[in-house]
Every structure is written in structure tokens, then in C-alpha cells.
file structure-v3.txt (compact mmCIF, C-alpha atoms)
# COMPACT_ATOMS: atom_id res chain seq x y z
CA MET E 121 -10.93 8.13 -11.47
CA LYS E 122 -9.13 7.27 -8.28
CA PHE E 123 -5.46 6.28 -8.43
CA ILE E 124 -3.04 5.16 -5.74
CA LEU E 125 0.57 6.39 -5.90
CA MET E 126 2.85 4.13 -3.87
CA MET E 127 6.34 4.70 -2.52
CA GLY E 128 8.26 1.56 -1.65
CA MET E 129 11.59 0.62 -0.18
CA LYS E 130 13.80 -2.44 -0.01
CA THR E 131 15.57 -3.55 3.13
CA ASP E 132 18.87 -4.78 1.68
CA LYS E 133 22.06 -3.32 3.15
CA GLU E 134 22.54 -0.69 0.46
CA SER E 135 18.99 0.67 0.74
CA MET E 136 19.16 0.65 4.54
CA SER E 137 22.41 2.67 4.47
CA LYS E 138 20.66 5.49 2.57
CA LEU E 139 17.62 5.89 4.82
CA ILE E 140 16.30 9.40 5.24
CA MET E 141 17.45 9.46 8.90
CA THR E 142 21.06 9.35 7.65
CA TRP E 143 20.65 12.58 5.63
CA PRO E 144 21.72 16.00 6.97
CA LYS E 145 18.92 17.67 8.92
CA GLU E 146 18.40 20.45 6.30
CA ASP E 147 17.92 17.83 3.59
CA ILE E 148 15.36 15.96 5.67
CA GLN E 149 13.54 19.23 6.32
CA ALA E 150 13.60 20.11 2.60
CA HIS E 151 12.22 16.66 1.73
CA ILE E 152 9.41 16.85 4.28
CA GLY E 153 8.71 20.47 3.29
CA PHE E 154 8.34 19.34 -0.33
CA MET E 155 5.91 16.58 0.65
CA ILE E 156 3.82 18.95 2.78
CA GLY E 157 3.74 21.42 -0.14
CA LEU E 158 2.73 18.73 -2.64
CA ASN E 159 -0.10 17.55 -0.37
CA LYS E 160 -1.32 21.12 0.06
CA GLU E 161 -1.28 21.67 -3.70
CA LEU E 162 -3.24 18.44 -4.36
CA LYS E 163 -5.73 19.36 -1.65
CA GLU E 164 -6.27 22.84 -3.12
CA ALA E 165 -6.76 21.33 -6.57
CA GLY E 166 -9.45 19.08 -5.08
CA GLU E 167 -7.49 15.99 -6.12
CA LEU E 168 -6.26 14.63 -2.79
CA VAL E 169 -8.32 11.80 -1.31
CA SER E 170 -5.83 10.62 1.32
CA ALA E 171 -2.13 10.31 2.05
CA GLU E 172 -0.48 8.12 4.66
CA GLY E 173 3.01 7.22 5.77
CA LEU E 174 3.66 3.77 7.23
CA ALA E 175 5.92 2.69 10.06
CA TRP E 176 9.33 1.31 9.00
CA PRO E 177 9.51 -2.27 7.67
CA ASP E 178 11.18 -3.54 10.88
CA GLN E 179 7.78 -3.14 12.51
CA ALA E 180 5.92 -5.11 9.85
CA LYS E 181 4.23 -8.38 10.79
CA LEU E 182 2.68 -11.04 8.63
CA VAL E 183 -0.52 -12.29 10.20
CA ARG E 184 -2.71 -15.27 9.45
CA ALA E 185 -5.30 -17.20 11.40
CA GLY E 186 -4.35 -20.37 13.27
CA LYS E 187 -6.74 -23.34 13.41
CA ASP E 188 -8.88 -21.78 16.14
CA GLY E 189 -8.80 -18.35 14.50
CA THR E 190 -6.14 -16.87 16.80
CA PRO E 191 -3.51 -14.78 15.03
CA ILE E 192 -0.14 -16.29 14.11
CA THR E 193 2.32 -13.45 13.61
CA ASP E 194 5.63 -13.66 11.81
CA GLY E 195 8.23 -10.98 11.17
CA VAL E 196 10.31 -12.79 8.56
CA PHE E 197 10.08 -11.47 5.01
CA PRO E 198 11.91 -12.42 1.80
CA GLU E 199 15.15 -10.44 1.30
CA ALA E 200 13.99 -8.95 -1.99
CA LYS E 201 10.65 -7.78 -0.65
CA GLU E 202 9.71 -4.24 -1.40
CA PHE E 203 7.86 -2.62 1.51
CA LEU E 204 5.21 0.04 1.08
CA ILE E 205 6.30 3.13 3.02
CA GLY E 206 3.70 5.63 1.99
CA TYR E 207 1.01 6.44 -0.53
CA TRP E 208 -1.30 9.07 -1.93
CA ILE E 209 -4.78 8.44 -3.28
CA ILE E 210 -5.85 11.06 -5.78
CA ASP E 211 -9.06 11.58 -7.72
CA VAL E 212 -8.17 12.85 -11.19
CA ASP E 213 -9.62 13.02 -14.72
CA ASN E 214 -7.29 10.51 -16.36
CA ALA E 215 -4.25 8.28 -15.94
CA GLU E 216 -1.93 10.90 -17.51
CA ARG E 217 -2.70 13.34 -14.69
CA ALA E 218 -1.96 10.57 -12.14
CA TYR E 219 1.40 9.94 -13.85
CA GLN E 220 2.17 13.68 -13.75
CA VAL E 221 1.54 13.82 -10.03
CA ALA E 222 3.64 10.67 -9.55
CA ALA E 223 6.49 12.28 -11.50
CA ARG E 224 6.31 15.32 -9.19
CA ALA E 225 6.49 13.07 -6.13
CA SER E 226 9.32 11.11 -7.74
CA ALA E 227 11.40 14.30 -7.96
CA ALA E 228 11.18 15.00 -4.21
CA PRO E 229 14.52 16.40 -3.00
CA GLY E 230 17.06 14.02 -1.47
CA PRO E 231 20.56 14.48 -0.08
CA GLY E 232 22.01 17.82 -1.16
CA GLY E 233 18.60 18.83 -2.51
CA ALA E 234 19.03 16.74 -5.69
CA PRO E 235 15.83 15.11 -7.01
CA LEU E 236 15.53 11.51 -5.82
CA ASN E 237 13.80 10.33 -9.01
CA MET E 238 12.39 7.50 -6.95
CA PRO E 239 10.06 5.01 -8.61
CA ILE E 240 6.39 5.53 -7.79
CA GLU E 241 3.98 2.69 -8.52
CA VAL E 242 0.66 3.93 -9.89
CA ARG E 243 -2.52 1.88 -10.05
CA GLN E 244 -6.19 2.63 -10.35
CA ILE E 245 -8.43 1.99 -7.35
CA MET E 246 -11.41 -0.26 -7.97
CA SER E 247 -14.79 1.15 -7.08
CA GLY E 248 -16.18 -2.23 -6.02
CA PRO E 249 -16.38 -5.91 -6.99
CA PRO E 250 -17.48 -6.70 -10.58
CA GLU E 251 -21.28 -6.57 -10.83
CA GLU E 252 -21.77 -10.21 -11.86
CA VAL E 253 -20.39 -11.52 -8.56
CA GLN E 254 -22.08 -9.07 -6.19
CA MET M 121 -3.37 3.76 17.01
CA LYS M 122 -3.97 3.39 13.31
CA TYR M 123 -2.85 0.21 11.56
CA ILE M 124 -2.87 -0.77 7.91
CA LEU M 125 -3.73 -4.38 6.97
CA MET M 126 -2.41 -5.19 3.51
CA MET M 127 -3.22 -8.01 1.10
CA THR M 128 -0.56 -8.63 -1.52
CA ALA M 129 -0.18 -10.96 -4.50
CA THR M 130 2.31 -11.78 -7.23
CA LYS M 131 1.27 -11.75 -10.91
CA ALA M 132 1.09 -15.57 -10.78
CA ASP M 133 -1.27 -15.36 -7.77
CA CYS M 134 -3.47 -12.97 -9.76
CA GLU M 135 -3.67 -15.36 -12.71
CA TRP M 136 -4.84 -17.97 -10.21
CA TYR M 137 -7.46 -15.60 -8.71
CA ALA M 138 -8.81 -14.92 -12.20
CA LYS M 139 -9.67 -18.65 -12.47
CA TRP M 140 -11.67 -18.92 -9.25
CA PRO M 141 -15.16 -20.32 -9.81
CA LYS M 142 -17.96 -17.77 -9.57
CA GLU M 143 -19.45 -19.28 -6.35
CA ILE M 144 -16.14 -18.98 -4.53
CA LEU M 145 -15.69 -15.40 -5.72
CA GLN M 146 -19.18 -14.59 -4.52
CA ALA M 147 -18.47 -16.18 -1.12
CA ASN M 148 -15.20 -14.25 -0.91
CA PHE M 149 -16.85 -10.91 -1.74
CA ALA M 150 -19.68 -11.62 0.70
CA PHE M 151 -17.12 -12.35 3.41
CA MET M 152 -15.30 -9.09 2.64
CA ARG M 153 -18.54 -7.10 2.76
CA ASP M 154 -19.52 -8.60 6.12
CA PHE M 155 -16.01 -8.07 7.42
CA SER M 156 -16.10 -4.35 6.53
CA LYS M 157 -19.52 -4.07 8.15
CA GLU M 158 -18.22 -5.75 11.30
CA LEU M 159 -15.32 -3.27 11.43
CA LYS M 160 -17.70 -0.36 10.96
CA ASP M 161 -20.13 -1.63 13.61
CA SER M 162 -17.33 -2.04 16.14
CA GLY M 163 -16.08 1.51 15.47
CA VAL M 164 -12.54 0.59 14.35
CA PHE M 165 -13.04 1.12 10.61
CA VAL M 166 -11.10 3.97 8.97
CA ALA M 167 -10.81 3.02 5.29
CA THR M 168 -10.64 0.16 2.81
CA GLU M 169 -9.68 0.06 -0.87
CA GLY M 170 -9.18 -2.55 -3.56
CA LEU M 171 -6.63 -1.98 -6.31
CA THR M 172 -6.77 -2.96 -9.98
CA PHE M 173 -4.71 -5.98 -11.03
CA PRO M 174 -0.90 -5.67 -11.45
CA ASP M 175 -1.15 -5.76 -15.28
CA GLN M 176 -2.38 -2.17 -14.99
CA ALA M 177 0.43 -1.04 -12.69
CA LYS M 178 2.97 1.50 -13.92
CA ILE M 179 6.22 2.61 -12.38
CA VAL M 180 6.59 6.36 -12.79
CA ARG M 181 9.75 8.42 -12.43
CA SER M 182 10.47 12.03 -13.11
CA GLY M 183 12.50 12.70 -16.27
CA SER M 184 15.16 15.43 -16.26
CA ASP M 185 12.57 18.05 -17.29
CA GLY M 186 10.02 16.75 -14.80
CA THR M 187 7.88 14.88 -17.35
CA PRO M 188 6.75 11.40 -16.28
CA ILE M 189 8.66 8.35 -17.52
CA THR M 190 6.37 5.31 -17.22
CA ASP M 191 7.39 1.69 -17.27
CA GLY M 192 5.28 -1.44 -16.85
CA VAL M 193 7.97 -4.04 -16.23
CA PHE M 194 8.12 -5.56 -12.76
CA PRO M 195 10.07 -8.47 -11.27
CA GLU M 196 8.11 -11.74 -11.26
CA ALA M 197 8.56 -12.10 -7.50
CA LYS M 198 7.13 -8.66 -6.73
CA GLU M 199 4.33 -8.69 -4.20
CA PHE M 200 1.76 -6.21 -5.46
CA LEU M 201 -0.60 -4.50 -3.05
CA MET M 202 -4.10 -5.74 -3.90
CA GLY M 203 -6.12 -4.08 -1.18
CA TYR M 204 -6.02 -2.84 2.37
CA TRP M 205 -7.96 -1.89 5.44
CA ILE M 206 -7.03 0.85 7.89
CA VAL M 207 -8.30 0.34 11.42
CA ASP M 208 -8.05 2.51 14.51
CA VAL M 209 -7.47 0.21 17.48
CA GLU M 210 -6.22 0.20 21.09
CA SER M 211 -3.25 -2.13 20.61
CA PRO M 212 -1.20 -3.99 18.00
CA ASP M 213 -2.77 -7.26 19.25
CA GLN M 214 -6.20 -5.99 18.32
CA ALA M 215 -4.89 -5.19 14.82
CA TYR M 216 -3.41 -8.72 14.57
CA ARG M 217 -6.71 -10.29 15.63
CA ILE M 218 -8.53 -8.34 12.92
CA ALA M 219 -5.88 -9.36 10.35
CA ALA M 220 -6.30 -13.01 11.36
CA ARG M 221 -10.03 -12.70 10.66
CA ALA M 222 -9.32 -11.22 7.22
CA SER M 223 -6.92 -14.08 6.48
CA GLU M 224 -9.84 -16.50 6.84
CA ALA M 225 -11.59 -15.13 3.73
CA PRO M 226 -12.86 -18.09 1.71
CA GLY M 227 -11.02 -19.24 -1.41
CA PRO M 228 -9.84 -22.44 -3.11
CA GLU M 229 -6.67 -24.22 -1.95
CA HIS M 230 -3.63 -22.34 -3.31
CA PRO M 231 -1.63 -24.50 -5.79
CA ASN M 232 1.56 -23.98 -3.75
CA GLY M 233 -0.20 -24.45 -0.42
CA LYS M 234 0.35 -20.75 0.25
CA ARG M 235 -1.91 -19.34 2.97
CA LEU M 236 -3.30 -15.84 2.76
CA SER M 237 -1.19 -13.68 5.06
CA ILE M 238 -1.91 -10.08 5.88
CA GLU M 239 0.92 -7.62 6.39
CA VAL M 240 0.23 -5.33 9.34
CA ARG M 241 1.99 -2.06 10.07
CA GLU M 242 1.26 1.04 12.10
CA ILE M 243 0.40 4.25 10.24
CA MET M 244 2.54 7.23 11.18
CA SER M 245 0.66 10.30 12.28
CA GLY M 246 3.19 12.69 10.71
CA PRO M 247 6.89 13.54 10.49
CA PRO M 248 8.88 13.72 13.75
CA GLU M 249 8.31 17.09 15.43
CA GLU M 250 11.84 18.39 14.92
CA PHE M 251 11.40 18.17 11.15
CA ALA M 252 7.80 19.29 10.79
call {"tool": "encode", "arguments": {"input": "structure-v3.txt", "output": "C-alpha cells"}}
result
Amino acid sequence: MKFILMMGMKTDKESMSKLIMTWPKEDIQAHIGFMIGLNKELKEAGELVSAEGLAWPDQAKLVRAGKDGTPITDGVFPEAKEFLIGYWIIDVDNAERAYQVAARASAAPGPGGAPLNMPIEVRQIMSGPPEEVQ
Amino acid sequence: MKYILMMTATKADCEWYAKWPKEILQANFAFMRDFSKELKDSGVFVATEGLTFPDQAKIVRSGSDGTPITDGVFPEAKEFLMGYWIVDVESPDQAYRIAARASEAPGPEHPNGKRLSIEVREIMSGPPEEFA
């Protein structure tokens, strides 16, 4: 079963004041070191399908087609929006294992090396559209 | 440059999707299949995935002993990721053009007149060198 583990962030003032770039360099290194270690572990266990980090929300654009199909881009998002900043896709035996991995990621070290306990959203990946509408 | 093209929806949007007539769903899936094929044929395709509906989403945190604490309660306004494409393109404009195409996927008129918008963001290749 494939699951996606998503890390998000908000862009209100308080969240923006705690961005990783504001941490001491050693703490940033410890955080990134943890993530690299976790990815290596998942890869060795044969569970890692992919992992990506996204550019910061200030680079996000909303795109839709205009009348003639040309893109209309917009950079204005609702204040409360939660932006995806990175994810893992893992292939595991059951949902419990996915939650375990998410809990590990959640405890990634933050400022002073303390676990962040950040929320990780976990959802199963669909293998394809339902058969009756294919 | 790799870009991610994301489709999102609230729980209310998902309840609306669940009521689409079968023909429209079929047209939508056919569009999506052709769209993926087009991306593959033009050599920009990296990956695409569809996610299960938000009623299956869990928020997971680490408890003090490292065991997972799961919670299924989300704000009504939350935009859930429903699916995405990753494309490898020459410029952001090319990514926007592809996103505009995806936004034209067929569907019934949204009750609030909402148009399908695709959020586009670059994928980072890795942590900045000084921290790697």
C-alpha cells in the first residue's frame, strides 16, 4: 500500500518568524541530517518510493486557463492556507506502519535539538480511477 | 527545472465530486489519461499521483515516547491535496502553460462558480550546499 506523508506550513506572521532559516546553523544541520538519515533508512528498508521538497510558498502560483487556453497566474492565497512544503511516498504493509514513519518524521529535531512534533498528514495513494468509470 | 502542479479540494468540494454523473467522470478520467500521455510523449513527465479522499486523511504527530498520535479532525476550510503532476521543463512559463491545460479538465459547473485552479511550485533539488 502506498501512502503519502505531507509536511505543511502556514504563512501567518508567527509561522513565518519561526522558519528554519532563522534557526542556528547547527540546528539546521541537525534537522537536515535527520531527514537525510530517515530517507536512507526508508530506502534501505525498501519502503521509500519518493521524497521531494518544494520551493517556499512565496513562489507559489495559482494557474488556470483563460478563454483561449492561455494561463492566468495569480499569487494571492487565503491567509489561512496551509502550503505543502515537502512529502514522502512510502510503500508499506499497512496504515499503522505509515503512521509510525510519520511519527518519526514528526519528531525531527528543531531549535536546540528538541523534537518539533510537527503534524504530518498521511493519506493513501490511489492506484488508479475506479474500474466502473475507466 | 522540476515543477509540481497540485490539485486541491475542500471536504465540501469532495462531496460535490462524489455526485458527478458517470459520463462526466468518464470524460474527466479520459482527459487526465490523455493529458498524462501528452506529458510523457513530450518528454516533460516525471510523476503523477492521485490521493484518496480527505475522509481518510490522518494527522500524525510523535508522542513523547515516539509512538504515533493520530487525529482525523481538520478545519472545514482546509484545502486537501487531491493529486499532482511533476514535470521537468525549461521555464516556469512552460509549467504554467501545462497547468492551464490541466485546469481545463471537464467537469460540471461548480455550485459556487469556483474554477479549477492548479497550484504550481518549483521542486527543490536538495538542501542548500552549506547545510548538506
call {"tool": "residues_around", "arguments": {"input": "structure-v3.txt", "residues": "Gly230 of chain E", "least_positions_apart": "5", "cutoff": "12 Å", "atoms": "all atoms listed in the file", "output": "list in words"}}
result
Lys138, Leu139, Ile140, Met141, Thr142, Trp143, Pro144, Lys145, Glu146, Asp147, Ile148, Gln149, Ala150, His151, Ile152, Gly153, Phe154, Met155, Ala225, Pro235, Leu236, Asn237 and Met238 of chain E
call {"tool": "atom_distance", "arguments": {"input": "structure-v3.txt", "atom1": "atom CA of Glu210 of chain M", "atom2": "atom CA of Glu239 of chain M"}}
result
18.1 Å
call {"tool": "atom_distance", "arguments": {"input": "structure-v3.txt", "atom1": "atom CA of Ala129 of chain M", "atom2": "atom CA of Gln244 of chain E"}}
result
16.0 Å
call {"tool": "closest_atom_pairs", "arguments": {"input": "structure-v3.txt", "of": "chain M", "to": "chain E", "cutoff": "6 Å", "atoms": "all atoms listed in the file", "output": "JSON lines"}}
result
{"residue": "M:Gln146", "atom": "CA", "partner": "E:Val253", "partner_atom": "CA", "distance": 5.2}
{"residue": "M:Gly170", "atom": "CA", "partner": "E:Met246", "partner_atom": "CA", "distance": 5.4}
{"residue": "M:Leu171", "atom": "CA", "partner": "E:Ile245", "partner_atom": "CA", "distance": 4.5}
{"residue": "M:Thr172", "atom": "CA", "partner": "E:Gln244", "partner_atom": "CA", "distance": 5.6}
{"residue": "M:Ala177", "atom": "CA", "partner": "E:Arg243", "partner_atom": "CA", "distance": 4.9}
{"residue": "M:Lys178", "atom": "CA", "partner": "E:Val242", "partner_atom": "CA", "distance": 5.2}
{"residue": "M:Ile179", "atom": "CA", "partner": "E:Glu241", "partner_atom": "CA", "distance": 4.5}
{"residue": "M:Val180", "atom": "CA", "partner": "E:Ile240", "partner_atom": "CA", "distance": 5.1}
{"residue": "M:Arg181", "atom": "CA", "partner": "E:Pro239", "partner_atom": "CA", "distance": 5.1}
{"residue": "M:Ser182", "atom": "CA", "partner": "E:Ala223", "partner_atom": "CA", "distance": 4.3}
{"residue": "M:Pro188", "atom": "CA", "partner": "E:Ala223", "partner_atom": "CA", "distance": 4.9}
{"residue": "M:Arg217", "atom": "CA", "partner": "E:Pro191", "partner_atom": "CA", "distance": 5.5}
{"residue": "M:Ala220", "atom": "CA", "partner": "E:Ala185", "partner_atom": "CA", "distance": 4.3}
{"residue": "M:Ser223", "atom": "CA", "partner": "E:Arg184", "partner_atom": "CA", "distance": 5.3}
{"residue": "M:Ser237", "atom": "CA", "partner": "E:Arg184", "partner_atom": "CA", "distance": 4.9}
{"residue": "M:Ile238", "atom": "CA", "partner": "E:Val183", "partner_atom": "CA", "distance": 5.0}
{"residue": "M:Glu239", "atom": "CA", "partner": "E:Leu182", "partner_atom": "CA", "distance": 4.5}
{"residue": "M:Val240", "atom": "CA", "partner": "E:Lys181", "partner_atom": "CA", "distance": 5.2}
{"residue": "M:Arg241", "atom": "CA", "partner": "E:Ala180", "partner_atom": "CA", "distance": 5.0}
{"residue": "M:Glu242", "atom": "CA", "partner": "E:Ala175", "partner_atom": "CA", "distance": 5.3}
{"residue": "M:Ile243", "atom": "CA", "partner": "E:Leu174", "partner_atom": "CA", "distance": 4.5}
{"residue": "M:Met244", "atom": "CA", "partner": "E:Leu174", "partner_atom": "CA", "distance": 5.4}
{"residue": "M:Phe251", "atom": "CA", "partner": "E:Gln149", "partner_atom": "CA", "distance": 5.4}
call {"tool": "residues_around", "arguments": {"input": "structure-v3.txt", "residues": "Asp132 of chain E", "least_positions_apart": "2", "cutoff": "10 Å", "atoms": "all atoms listed in the file", "output": "list in words"}}
result
Met129, Lys130, Glu134, Ser135, Met136, Ser137, Glu199, Ala200, Lys201 and Glu202 of chain E
call {"tool": "write_last_selection", "arguments": {"input": "structure-v3.txt", "atoms": "C-alpha atoms", "output": "compact mmCIF listing (two decimals), in the frame of the given file"}}
result
# COMPACT_ATOMS: atom_id res chain seq x y z
CA MET E 129 11.59 0.62 -0.18
CA LYS E 130 13.80 -2.44 -0.01
CA GLU E 134 22.54 -0.69 0.46
CA SER E 135 18.99 0.67 0.74
CA MET E 136 19.16 0.65 4.54
CA SER E 137 22.41 2.67 4.47
CA GLU E 199 15.15 -10.44 1.30
CA ALA E 200 13.99 -8.95 -1.99
CA LYS E 201 10.65 -7.78 -0.65
CA GLU E 202 9.71 -4.24 -1.40
call {"tool": "atom_distance", "arguments": {"input": "structure-v3.txt", "atom1": "atom CA of Ser162 of chain M", "atom2": "atom CA of Leu201 of chain M"}}
result
25.6 Å
call {"tool": "closest_residue", "arguments": {"input": "structure-v3.txt", "among": "M:Pro212, M:Gly163, M:Pro174, M:Pro195", "to": "Ile124 of chain M", "atoms": "all atoms listed in the file"}}
result
M:Pro212
call {"tool": "axis_aligned_box", "arguments": {"input": "structure-v3.txt", "around": "segment 150-166 of chain M", "padding_each_side": "5 Å", "output": "AutoDock Vina command-line options"}}
result
--center_x -15.6 --center_y -4.2 --center_z 8.4 --size_x 19.0 --size_y 26.3 --size_z 25.4
call {"tool": "decode", "arguments": {"input": "structure-v3.txt", "residues": "segment 153-250 of chain E", "atoms": "C-alpha atoms", "output": "PDB file, in the first residue's frame"}}
result
ATOM      1  CA  GLY E 153      20.982  15.399   8.869  1.00  0.00           C
ATOM      2  CA  PHE E 154      17.959  13.740  10.487  1.00  0.00           C
ATOM      3  CA  MET E 155      15.957  13.952   7.254  1.00  0.00           C
ATOM      4  CA  ILE E 156      18.821  12.510   5.199  1.00  0.00           C
ATOM      5  CA  GLY E 157      19.154   9.668   7.740  1.00  0.00           C
ATOM      6  CA  LEU E 158      15.415   8.946   7.698  1.00  0.00           C
ATOM      7  CA  ASN E 159      15.379   8.809   3.889  1.00  0.00           C
ATOM      8  CA  LYS E 160      18.368   6.457   3.897  1.00  0.00           C
ATOM      9  CA  GLU E 161      16.668   4.189   6.431  1.00  0.00           C
ATOM     10  CA  LEU E 162      13.425   4.071   4.404  1.00  0.00           C
ATOM     11  CA  LYS E 163      15.385   3.369   1.232  1.00  0.00           C
ATOM     12  CA  GLU E 164      17.301   0.511   2.875  1.00  0.00           C
ATOM     13  CA  ALA E 165      14.049  -0.952   4.177  1.00  0.00           C
ATOM     14  CA  GLY E 166      12.721  -0.886   0.602  1.00  0.00           C
ATOM     15  CA  GLU E 167       9.875   1.410   1.663  1.00  0.00           C
ATOM     16  CA  LEU E 168      10.835   4.710   0.046  1.00  0.00           C
ATOM     17  CA  VAL E 169       9.108   5.482  -3.256  1.00  0.00           C
ATOM     18  CA  SER E 170       9.976   9.173  -3.480  1.00  0.00           C
ATOM     19  CA  ALA E 171      10.627  12.260  -1.385  1.00  0.00           C
ATOM     20  CA  GLU E 172      10.543  15.869  -2.523  1.00  0.00           C
ATOM     21  CA  GLY E 173      10.905  19.307  -1.000  1.00  0.00           C
ATOM     22  CA  LEU E 174       9.026  22.222  -2.537  1.00  0.00           C
ATOM     23  CA  ALA E 175      10.060  25.828  -3.026  1.00  0.00           C
ATOM     24  CA  TRP E 176       8.776  28.268  -0.374  1.00  0.00           C
ATOM     25  CA  PRO E 177       5.140  29.426  -0.560  1.00  0.00           C
ATOM     26  CA  ASP E 178       6.154  32.927  -1.763  1.00  0.00           C
ATOM     27  CA  GLN E 179       6.965  31.275  -5.078  1.00  0.00           C
ATOM     28  CA  ALA E 180       3.612  29.527  -5.394  1.00  0.00           C
ATOM     29  CA  LYS E 181       1.275  30.477  -8.234  1.00  0.00           C
ATOM     30  CA  LEU E 182      -2.325  29.551  -8.862  1.00  0.00           C
ATOM     31  CA  VAL E 183      -2.857  28.813 -12.526  1.00  0.00           C
ATOM     32  CA  ARG E 184      -5.994  28.364 -14.582  1.00  0.00           C
ATOM     33  CA  ALA E 185      -6.784  28.579 -18.266  1.00  0.00           C
ATOM     34  CA  GLY E 186      -8.163  31.787 -19.760  1.00  0.00           C
ATOM     35  CA  LYS E 187     -10.806  31.681 -22.513  1.00  0.00           C
ATOM     36  CA  ASP E 188      -8.261  30.924 -25.238  1.00  0.00           C
ATOM     37  CA  GLY E 189      -6.404  28.412 -23.061  1.00  0.00           C
ATOM     38  CA  THR E 190      -3.544  30.757 -22.113  1.00  0.00           C
ATOM     39  CA  PRO E 191      -2.516  30.582 -18.455  1.00  0.00           C
ATOM     40  CA  ILE E 192      -3.829  33.138 -15.964  1.00  0.00           C
ATOM     41  CA  THR E 193      -1.486  33.170 -12.978  1.00  0.00           C
ATOM     42  CA  ASP E 194      -2.249  34.566  -9.554  1.00  0.00           C
ATOM     43  CA  GLY E 195      -0.103  34.690  -6.435  1.00  0.00           C
ATOM     44  CA  VAL E 196      -2.790  35.596  -3.911  1.00  0.00           C
ATOM     45  CA  PHE E 197      -3.773  32.877  -1.457  1.00  0.00           C
ATOM     46  CA  PRO E 198      -6.131  32.873   1.542  1.00  0.00           C
ATOM     47  CA  GLU E 199      -4.383  33.851   4.809  1.00  0.00           C
ATOM     48  CA  ALA E 200      -5.208  30.550   6.491  1.00  0.00           C
ATOM     49  CA  LYS E 201      -3.930  28.409   3.648  1.00  0.00           C
ATOM     50  CA  GLU E 202      -1.603  25.633   4.570  1.00  0.00           C
ATOM     51  CA  PHE E 203       1.121  25.140   1.963  1.00  0.00           C
ATOM     52  CA  LEU E 204       2.693  21.794   1.185  1.00  0.00           C
ATOM     53  CA  ILE E 205       6.451  22.074   1.752  1.00  0.00           C
ATOM     54  CA  GLY E 206       7.553  18.511   1.327  1.00  0.00           C
ATOM     55  CA  TYR E 207       6.424  14.916   1.221  1.00  0.00           C
ATOM     56  CA  TRP E 208       7.456  11.288   1.285  1.00  0.00           C
ATOM     57  CA  ILE E 209       5.727   8.486  -0.575  1.00  0.00           C
ATOM     58  CA  ILE E 210       6.283   5.121   1.053  1.00  0.00           C
ATOM     59  CA  ASP E 211       5.180   1.623   0.123  1.00  0.00           C
ATOM     60  CA  VAL E 212       4.353  -0.265   3.317  1.00  0.00           C
ATOM     61  CA  ASP E 213       2.289  -3.241   4.520  1.00  0.00           C
ATOM     62  CA  ASN E 214      -0.377  -1.305   6.396  1.00  0.00           C
ATOM     63  CA  ALA E 215      -1.551   2.099   7.599  1.00  0.00           C
ATOM     64  CA  GLU E 216      -0.024   1.561  11.072  1.00  0.00           C
ATOM     65  CA  ARG E 217       3.466   1.366   9.559  1.00  0.00           C
ATOM     66  CA  ALA E 218       2.770   4.592   7.619  1.00  0.00           C
ATOM     67  CA  TYR E 219       1.717   6.288  10.884  1.00  0.00           C
ATOM     68  CA  GLN E 220       4.908   5.040  12.568  1.00  0.00           C
ATOM     69  CA  VAL E 221       7.067   6.551   9.859  1.00  0.00           C
ATOM     70  CA  ALA E 222       5.055   9.791  10.057  1.00  0.00           C
ATOM     71  CA  ALA E 223       5.622   9.897  13.827  1.00  0.00           C
ATOM     72  CA  ARG E 224       9.378   9.538  13.238  1.00  0.00           C
ATOM     73  CA  ALA E 225       9.326  12.415  10.747  1.00  0.00           C
ATOM     74  CA  SER E 226       7.186  14.440  13.148  1.00  0.00           C
ATOM     75  CA  ALA E 227       9.919  14.184  15.792  1.00  0.00           C
ATOM     76  CA  ALA E 228      12.589  15.718  13.536  1.00  0.00           C
ATOM     77  CA  PRO E 229      14.855  17.978  15.624  1.00  0.00           C
ATOM     78  CA  GLY E 230      14.122  21.702  15.731  1.00  0.00           C
ATOM     79  CA  PRO E 231      15.742  24.631  17.527  1.00  0.00           C
ATOM     80  CA  GLY E 232      18.036  23.408  20.303  1.00  0.00           C
ATOM     81  CA  GLY E 233      17.639  19.848  19.017  1.00  0.00           C
ATOM     82  CA  ALA E 234      14.190  19.451  20.632  1.00  0.00           C
ATOM     83  CA  PRO E 235      11.694  17.336  18.636  1.00  0.00           C
ATOM     84  CA  LEU E 236       9.416  19.537  16.529  1.00  0.00           C
ATOM     85  CA  ASN E 237       6.416  17.208  16.887  1.00  0.00           C
ATOM     86  CA  MET E 238       5.110  18.739  13.696  1.00  0.00           C
ATOM     87  CA  PRO E 239       1.838  17.461  12.257  1.00  0.00           C
ATOM     88  CA  ILE E 240       2.246  15.135   9.281  1.00  0.00           C
ATOM     89  CA  GLU E 241      -0.786  14.472   7.103  1.00  0.00           C
ATOM     90  CA  VAL E 242      -0.993  10.857   5.970  1.00  0.00           C
ATOM     91  CA  ARG E 243      -3.165   9.584   3.138  1.00  0.00           C
ATOM     92  CA  GLN E 244      -3.202   6.545   0.934  1.00  0.00           C
ATOM     93  CA  ILE E 245      -2.300   6.944  -2.733  1.00  0.00           C
ATOM     94  CA  MET E 246      -4.874   5.664  -5.210  1.00  0.00           C
ATOM     95  CA  SER E 247      -3.660   3.140  -7.728  1.00  0.00           C
ATOM     96  CA  GLY E 248      -5.975   4.410 -10.461  1.00  0.00           C
ATOM     97  CA  PRO E 249      -9.545   5.550 -11.181  1.00  0.00           C
ATOM     98  CA  PRO E 250     -12.377   3.241 -10.003  1.00  0.00           C
TER      99      PRO E 250
END
